[in-house]
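A short worksheet on the structure shown next.
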Amino acid sequence: MDDLPGRLDVPGGRRSRRAPDTHLHSVSVDEKPGVQATGLTAPDLPPVPGKEPSISRDYEYVRHGTVSILAGIDLHTGHLFANVEDRHRSVEFIGLLKKIDAHYPPEALIRVVLDNHSAHISKETVAYLGTRPGRFEYVHTPKHGSWLNLIECVFSKMARTFLRHIRVQSKEELKARILQGIAEINASPVIFRWNKFDLGTA
């Protein structure tokens, strides 16, 4: 397992040779940019028995801007790490790595499954990883295969639940509601697993 391509302590660094007794945690990481903070132009109308079976909403809406969700899920426990930011540059990604770092015992090795987004391998990120030698181990998803990263399933769940048809009055309200949704996910964490599939038939 240690000889898989792309498994590095830091981008461009040495291949990991961890001791057999090292406590390992695997975290699937990515960003969901462009989450729109949209508001109502008029109040929703409630259902009317015999006339309107569901809530009616004006098709027009107000744009308040967008936010990015930077998140990682522990593949063993289902615990979700997340920050909601205005942008998703290296500094925001490093902020997520710091949150993940603080969560685990200092002697543990953290395996991070992620794609080759520029923020993941930037000079700033590599410099931060250099301050935590032996702490992080990168495993990159294949090119054009970022859909294999299980954090994408979490983003899909968000889109189908608390982000679905959401309307807010500001970006700040959107951030608060996203963080509330993440807290509810962590209150009842789910371990995501791929069902078996045959790549030979694809």
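The way I read the labels, and the way they are meant: chains A, B, ... in the order of the structure tokens, residue 1 as the first residue of every chain, and ligand 1 as the first ligand shown, with later ones counted on from there.
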_8 Å contact set for His79 (chain A), only C-alpha atoms, chain neighbours under 4 positions out, as a ChimeraX atom specification_ = /A:73-75,186,189-190
_Residues flagged alpha helix (DSSP H) by DSSP in region 19-199 of chain A, as a PyMOL selection string_ = chain A and resi 90-103+123-130+151-160+171-187
*Just the residues within 8 Å of Ser26 (chain A), please, counting only C-alpha atoms, with nothing from its chain fewer than 3 positions along; format it as JSON, numbers by chain.*
{"A": [74, 75, 76, 110, 111, 112, 113]}
*Quick one: everything within 9 Å of region 35-45 of chain A, counting only C-alpha atoms, minus sequence neighbours fewer than 2 positions away in the same chain. Send it as JSON, numbers by chain.*
{"A": [32, 33, 47, 48, 54, 55, 56, 57, 58, 59, 60, 61, 62, 63, 64, 65, 66, 67, 68, 69, 163, 166, 167, 168, 169, 170, 171, 172, 173, 174, 175]}
Selection export as a compact mmCIF listing (two decimals), in the first residue's frame, atoms kept: N, CA and C atoms:
```txt
# COMPACT_ATOMS: atom_id res chain seq x y z
N LYS A 32 -16.30 22.98 -2.20
CA LYS A 32 -17.52 23.20 -2.98
C LYS A 32 -17.67 24.71 -3.14
N PRO A 33 -17.15 25.27 -4.24
CA PRO A 33 -17.22 26.72 -4.43
C PRO A 33 -18.56 27.14 -5.03
N PRO A 47 -49.45 26.99 1.44
CA PRO A 47 -50.43 26.18 0.69
C PRO A 47 -51.86 26.61 1.00
N VAL A 48 -52.76 26.45 0.01
CA VAL A 48 -54.18 26.76 0.18
C VAL A 48 -54.96 25.48 -0.12
N SER A 54 -48.89 23.24 -2.46
CA SER A 54 -47.56 23.43 -1.87
C SER A 54 -47.26 24.92 -1.75
N ILE A 55 -46.16 25.23 -1.13
CA ILE A 55 -45.73 26.62 -0.98
C ILE A 55 -45.46 27.23 -2.35
N SER A 56 -45.89 28.46 -2.56
CA SER A 56 -45.64 29.18 -3.81
C SER A 56 -44.53 30.20 -3.59
N ARG A 57 -43.61 30.27 -4.56
CA ARG A 57 -42.47 31.18 -4.44
C ARG A 57 -42.29 31.94 -5.74
N ASP A 58 -42.00 33.23 -5.63
CA ASP A 58 -41.72 34.06 -6.79
C ASP A 58 -40.47 33.51 -7.50
N TYR A 59 -40.51 33.44 -8.81
CA TYR A 59 -39.38 32.88 -9.56
C TYR A 59 -38.17 33.81 -9.55
N GLU A 60 -38.37 35.09 -9.26
CA GLU A 60 -37.26 36.02 -9.17
C GLU A 60 -36.60 35.92 -7.80
N TYR A 61 -35.31 36.24 -7.75
CA TYR A 61 -34.59 36.19 -6.48
C TYR A 61 -33.49 37.24 -6.46
N VAL A 62 -32.98 37.51 -5.27
CA VAL A 62 -31.92 38.50 -5.07
C VAL A 62 -30.61 37.76 -4.81
N ARG A 63 -29.54 38.19 -5.48
CA ARG A 63 -28.23 37.59 -5.26
C ARG A 63 -27.47 38.38 -4.20
N HIS A 64 -26.98 37.65 -3.19
CA HIS A 64 -26.16 38.28 -2.13
C HIS A 64 -24.69 37.87 -2.23
N GLY A 65 -24.32 37.13 -3.27
CA GLY A 65 -22.94 36.68 -3.40
C GLY A 65 -22.83 35.17 -3.24
N THR A 66 -21.62 34.69 -3.18
CA THR A 66 -21.38 33.26 -3.06
C THR A 66 -20.37 32.97 -1.95
N VAL A 67 -20.40 31.72 -1.47
CA VAL A 67 -19.42 31.25 -0.49
C VAL A 67 -18.86 29.92 -0.96
N SER A 68 -17.77 29.51 -0.36
CA SER A 68 -17.16 28.22 -0.65
C SER A 68 -17.14 27.39 0.63
N ILE A 69 -17.48 26.11 0.47
CA ILE A 69 -17.38 25.17 1.59
C ILE A 69 -16.11 24.35 1.40
N LEU A 163 -29.22 22.59 1.76
CA LEU A 163 -28.98 23.64 0.76
C LEU A 163 -30.08 23.71 -0.29
N ILE A 166 -32.68 26.80 -0.61
CA ILE A 166 -32.45 27.69 0.54
C ILE A 166 -32.53 29.15 0.10
N ARG A 167 -33.14 29.98 0.93
CA ARG A 167 -33.20 31.42 0.72
C ARG A 167 -32.75 32.12 1.99
N VAL A 168 -31.87 33.11 1.84
CA VAL A 168 -31.30 33.80 2.99
C VAL A 168 -31.30 35.30 2.72
N GLN A 169 -31.04 36.07 3.76
CA GLN A 169 -31.02 37.52 3.63
C GLN A 169 -29.61 38.07 3.47
N SER A 170 -28.57 37.21 3.65
CA SER A 170 -27.20 37.68 3.53
C SER A 170 -26.26 36.48 3.43
N LYS A 171 -25.01 36.75 3.05
CA LYS A 171 -24.01 35.69 3.05
C LYS A 171 -23.75 35.18 4.46
N GLU A 172 -23.81 36.10 5.43
CA GLU A 172 -23.57 35.70 6.81
C GLU A 172 -24.61 34.70 7.29
N GLU A 173 -25.87 34.92 6.89
CA GLU A 173 -26.92 33.97 7.26
C GLU A 173 -26.69 32.62 6.58
N LEU A 174 -26.27 32.65 5.32
CA LEU A 174 -25.98 31.40 4.61
C LEU A 174 -24.86 30.64 5.31
N LYS A 175 -23.79 31.34 5.68
CA LYS A 175 -22.68 30.68 6.38
C LYS A 175 -23.17 30.03 7.67
```
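Near Lys99 (chain A), within 9 Å and counting only C-alpha atoms, sit Phe81, Ala82 and Asn83 of chain A, not including residues fewer than 6 positions from it in the same chain.
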For those residues, write N, CA and C atoms to a file as a PDB file, in the first residue's frame.
```
ATOM      1  N   PHE A  81     -15.200  17.791   8.937  1.00  0.00           N
ATOM      2  CA  PHE A  81     -14.505  19.050   9.190  1.00  0.00           C
ATOM      3  C   PHE A  81     -14.950  20.023   8.105  1.00  0.00           C
ATOM      4  N   ALA A  82     -15.210  21.277   8.462  1.00  0.00           N
ATOM      5  CA  ALA A  82     -15.637  22.209   7.418  1.00  0.00           C
ATOM      6  C   ALA A  82     -15.437  23.648   7.854  1.00  0.00           C
ATOM      7  N   ASN A  83     -15.058  24.467   6.898  1.00  0.00           N
ATOM      8  CA  ASN A  83     -15.037  25.916   7.040  1.00  0.00           C
ATOM      9  C   ASN A  83     -15.833  26.501   5.877  1.00  0.00           C
TER      10      ASN A  83
END
```
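Minimum distance to Phe155 (chain A) across A:Gly72, A:Trp194, A:Ala183, A:Leu24 (counting only C-alpha atoms) occurs at A:Gly72.
In this comparison, which uses only C-alpha atoms, the residue of A:Leu70, A:Leu150, A:Ala102, A:Ile178 approaching Ile191 (chain A) most closely is A:Leu150.
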